[in-house]
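K.L.:
This is query-v4.cif (mmCIF, C-alpha atoms).
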```cif
data_target
#
loop_
_atom_site.group_PDB
_atom_site.id
_atom_site.type_symbol
_atom_site.label_atom_id
_atom_site.label_comp_id
_atom_site.auth_asym_id
_atom_site.auth_seq_id
_atom_site.Cartn_x
_atom_site.Cartn_y
_atom_site.Cartn_z
ATOM 1 C CA MET W 1 88.583 133.915 102.851
ATOM 2 C CA THR W 2 85.975 136.583 103.500
ATOM 3 C CA THR W 3 83.515 136.475 106.360
ATOM 4 C CA ALA W 4 80.786 135.457 103.910
ATOM 5 C CA GLU W 5 82.883 132.486 102.744
ATOM 6 C CA LYS W 6 83.825 131.359 106.249
ATOM 7 C CA GLU W 7 82.957 127.782 107.118
ATOM 8 C CA PRO W 8 80.569 127.213 110.036
ATOM 9 C CA PHE W 9 82.036 126.673 113.499
ATOM 10 C CA ASP W 10 82.702 122.970 114.049
ATOM 11 C CA PRO W 11 84.183 122.095 117.486
ATOM 12 C CA LYS W 12 85.176 118.633 116.226
ATOM 13 C CA ARG W 13 87.579 120.115 113.675
ATOM 14 C CA CYS W 14 91.118 120.856 114.890
ATOM 15 C CA TRP W 15 94.168 122.490 113.328
ATOM 16 C CA VAL W 16 97.827 122.975 114.145
ATOM 17 C CA ARG W 17 100.326 125.473 112.867
ATOM 18 C CA VAL W 18 103.947 124.821 113.775
ATOM 19 C CA THR W 19 105.559 128.141 114.618
ATOM 20 C CA ARG W 20 109.014 126.934 115.663
ATOM 21 C CA VAL W 21 111.060 123.827 116.330
ATOM 22 C CA ARG W 22 113.627 124.509 119.019
ATOM 23 C CA SER W 23 117.117 123.085 118.995
ATOM 24 C CA ASN W 24 116.228 121.020 122.097
ATOM 25 C CA GLY W 25 113.489 119.223 120.130
ATOM 26 C CA LEU W 26 110.480 121.091 121.477
ATOM 27 C CA VAL W 27 107.818 121.974 118.915
ATOM 28 C CA GLU W 28 106.041 125.303 119.401
ATOM 29 C CA PHE W 29 102.641 125.379 117.741
ATOM 30 C CA ASP W 30 99.206 126.953 117.646
ATOM 31 C CA PHE W 31 96.291 124.596 118.281
ATOM 32 C CA SER W 32 92.776 125.488 117.128
ATOM 33 C CA MET W 33 89.399 123.911 117.673
ATOM 34 C CA GLY W 34 86.318 124.976 115.758
ATOM 35 C CA GLU W 35 87.976 127.646 113.633
ATOM 36 C CA PRO W 36 91.614 128.452 112.872
ATOM 37 C CA GLU W 37 91.490 132.016 114.262
ATOM 38 C CA LEU W 38 90.746 130.721 117.782
ATOM 39 C CA TYR W 39 93.959 129.120 118.996
ATOM 40 C CA ILE W 40 96.232 128.557 121.948
ATOM 41 C CA GLU W 41 99.998 128.432 121.832
ATOM 42 C CA LEU W 42 101.493 125.140 123.012
ATOM 43 C CA MET W 43 104.878 123.437 123.195
ATOM 44 C CA LEU W 44 105.610 119.688 123.266
ATOM 45 C CA PRO W 45 108.530 117.364 122.566
ATOM 46 C CA LEU W 46 108.394 116.093 118.968
ATOM 47 C CA ASP W 47 107.130 112.594 119.808
ATOM 48 C CA ALA W 48 104.407 113.986 122.094
ATOM 49 C CA PHE W 49 103.461 116.527 119.408
ATOM 50 C CA GLU W 50 103.001 113.759 116.847
ATOM 51 C CA LYS W 51 100.836 111.752 119.276
ATOM 52 C CA PHE W 52 98.854 114.895 120.133
ATOM 53 C CA CYS W 53 98.175 115.531 116.435
ATOM 54 C CA GLN W 54 97.129 111.944 115.842
ATOM 55 C CA HIS W 55 94.888 111.812 118.919
ATOM 56 C CA ASN W 56 93.147 115.091 117.997
ATOM 57 C CA LYS W 57 92.948 114.270 114.261
ATOM 58 C CA VAL W 58 94.366 117.686 113.433
ATOM 59 C CA GLU W 59 94.639 119.330 110.048
ATOM 60 C CA ARG W 60 97.521 121.586 109.073
ATOM 61 C CA LEU W 61 96.529 125.129 108.210
ATOM 62 C CA THR W 62 96.516 125.926 104.518
ATOM 63 C CA PRO W 63 98.468 128.980 103.335
ATOM 64 C CA GLU W 64 95.133 130.808 102.964
ATOM 65 C CA GLN W 65 94.151 129.937 106.537
ATOM 66 C CA GLU W 66 97.570 131.027 107.798
ATOM 67 C CA ALA W 67 97.135 134.390 106.060
ATOM 68 C CA ALA W 68 93.681 134.820 107.625
ATOM 69 C CA VAL W 69 95.069 133.998 111.080
ATOM 70 C CA ASP W 70 97.955 136.463 110.609
ATOM 71 C CA TYR W 71 95.494 139.141 109.475
ATOM 72 C CA ASP W 72 93.295 138.533 112.515
ATOM 73 C CA ARG W 73 96.316 138.428 114.852
ATOM 74 C CA ALA W 74 97.489 141.822 113.594
ATOM 75 C CA LYS W 75 94.037 143.251 114.249
ATOM 76 C CA TRP W 76 94.262 142.222 117.902
ATOM 77 C CA ARG W 77 97.923 143.182 118.405
ATOM 78 C CA TYR W 78 98.004 146.502 116.590
ATOM 79 C CA GLY W 79 94.378 147.645 116.681
ATOM 80 C CA ARG W 80 93.810 147.282 112.964
ATOM 81 C CA PRO W 81 93.860 144.377 110.533
ATOM 82 C CA GLY W 82 96.719 143.630 108.169
ATOM 83 C CA VAL W 83 99.485 145.396 110.096
ATOM 84 C CA ILE W 84 102.430 143.109 110.778
ATOM 85 C CA GLU W 85 105.545 144.544 112.432
#
```
Any chance you could put this one into structure tokens?
P.N.:
Amino acid sequence: MTTAEKEPFDPKRCWVRVTRVRSNGLVEFDFSMGEPELYIELMLPLDAFEKFCQHNKVERLTPEQEAAVDYDRAKWRYGRPGVIE
């Protein structure tokens, strides 16, 4: 999605992206409010994660949104967009 196609900022819209499920049952995930590229990394037990998602009425990131987040993340980590190491 290009900058011109980007949806307007909406603080009521929330997303999650599960990044890992640990063997001890903890779910690692990114939580976004307003736009997918602005996120915090969180970890909760599975049952708490499911309640968290329900309470916040989250959406799962689409593959296109995940790619945009990865692109943006690389820009911040490596000083230029699109570089993933």
K.L.:
Report as an MDAnalysis selection string the full result of the PyMOL selection byres ((chain W and resi 28) around 10) when it is applied to this structure.
P.N.:
chainID W and resid 17:22 25:27 29:31 41:46 49
K.L.:
Scan for residues within 9 Å of the point (81.1, 122.7, 114.7) in the coordinates of the file, using only C-alpha atoms, and reply as an mmCIF file with C-alpha atoms, in the coordinates of the input.
P.N.:
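To be explicit, this is the file written out as point.cif:
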```cif
data_model
loop_
_atom_site.group_PDB
_atom_site.id
_atom_site.type_symbol
_atom_site.label_atom_id
_atom_site.label_comp_id
_atom_site.auth_asym_id
_atom_site.auth_seq_id
_atom_site.Cartn_x
_atom_site.Cartn_y
_atom_site.Cartn_z
ATOM 1 C CA PRO W 8 80.569 127.213 110.036
ATOM 2 C CA PHE W 9 82.036 126.673 113.499
ATOM 3 C CA ASP W 10 82.702 122.970 114.049
ATOM 4 C CA PRO W 11 84.183 122.095 117.486
ATOM 5 C CA LYS W 12 85.176 118.633 116.226
ATOM 6 C CA ARG W 13 87.579 120.115 113.675
ATOM 7 C CA MET W 33 89.399 123.911 117.673
ATOM 8 C CA GLY W 34 86.318 124.976 115.758
ATOM 9 C CA GLU W 35 87.976 127.646 113.633
#
```
K.L.:
For atom CA of Val16 of chain W and atom CA of Lys51 of chain W, determine how far apart the two atoms are, in Å to one decimal place.
P.N.:
12.7 Å
K.L.:
Which residues, protein or nucleic acid, reach to within 12 Å of (98.2, 135.8, 110.3) in the file's coordinates when using all atoms listed in the file, and can you give that as a count of residues only?
P.N.:
29
K.L.:
To one decimal in Å, tell me the separation between atom CA of Ser23 of chain W and atom CA of Gln54 of chain W.
P.N.:
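Spanning atom CA of Ser23 of chain W to atom CA of Gln54 of chain W is a straight-line distance of 23.1 Å.
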K.L.:
Between atom CA of Tyr78 of chain W and atom CA of Cys14 of chain W, what is the spacing in Å?
P.N.:
26.6 Å
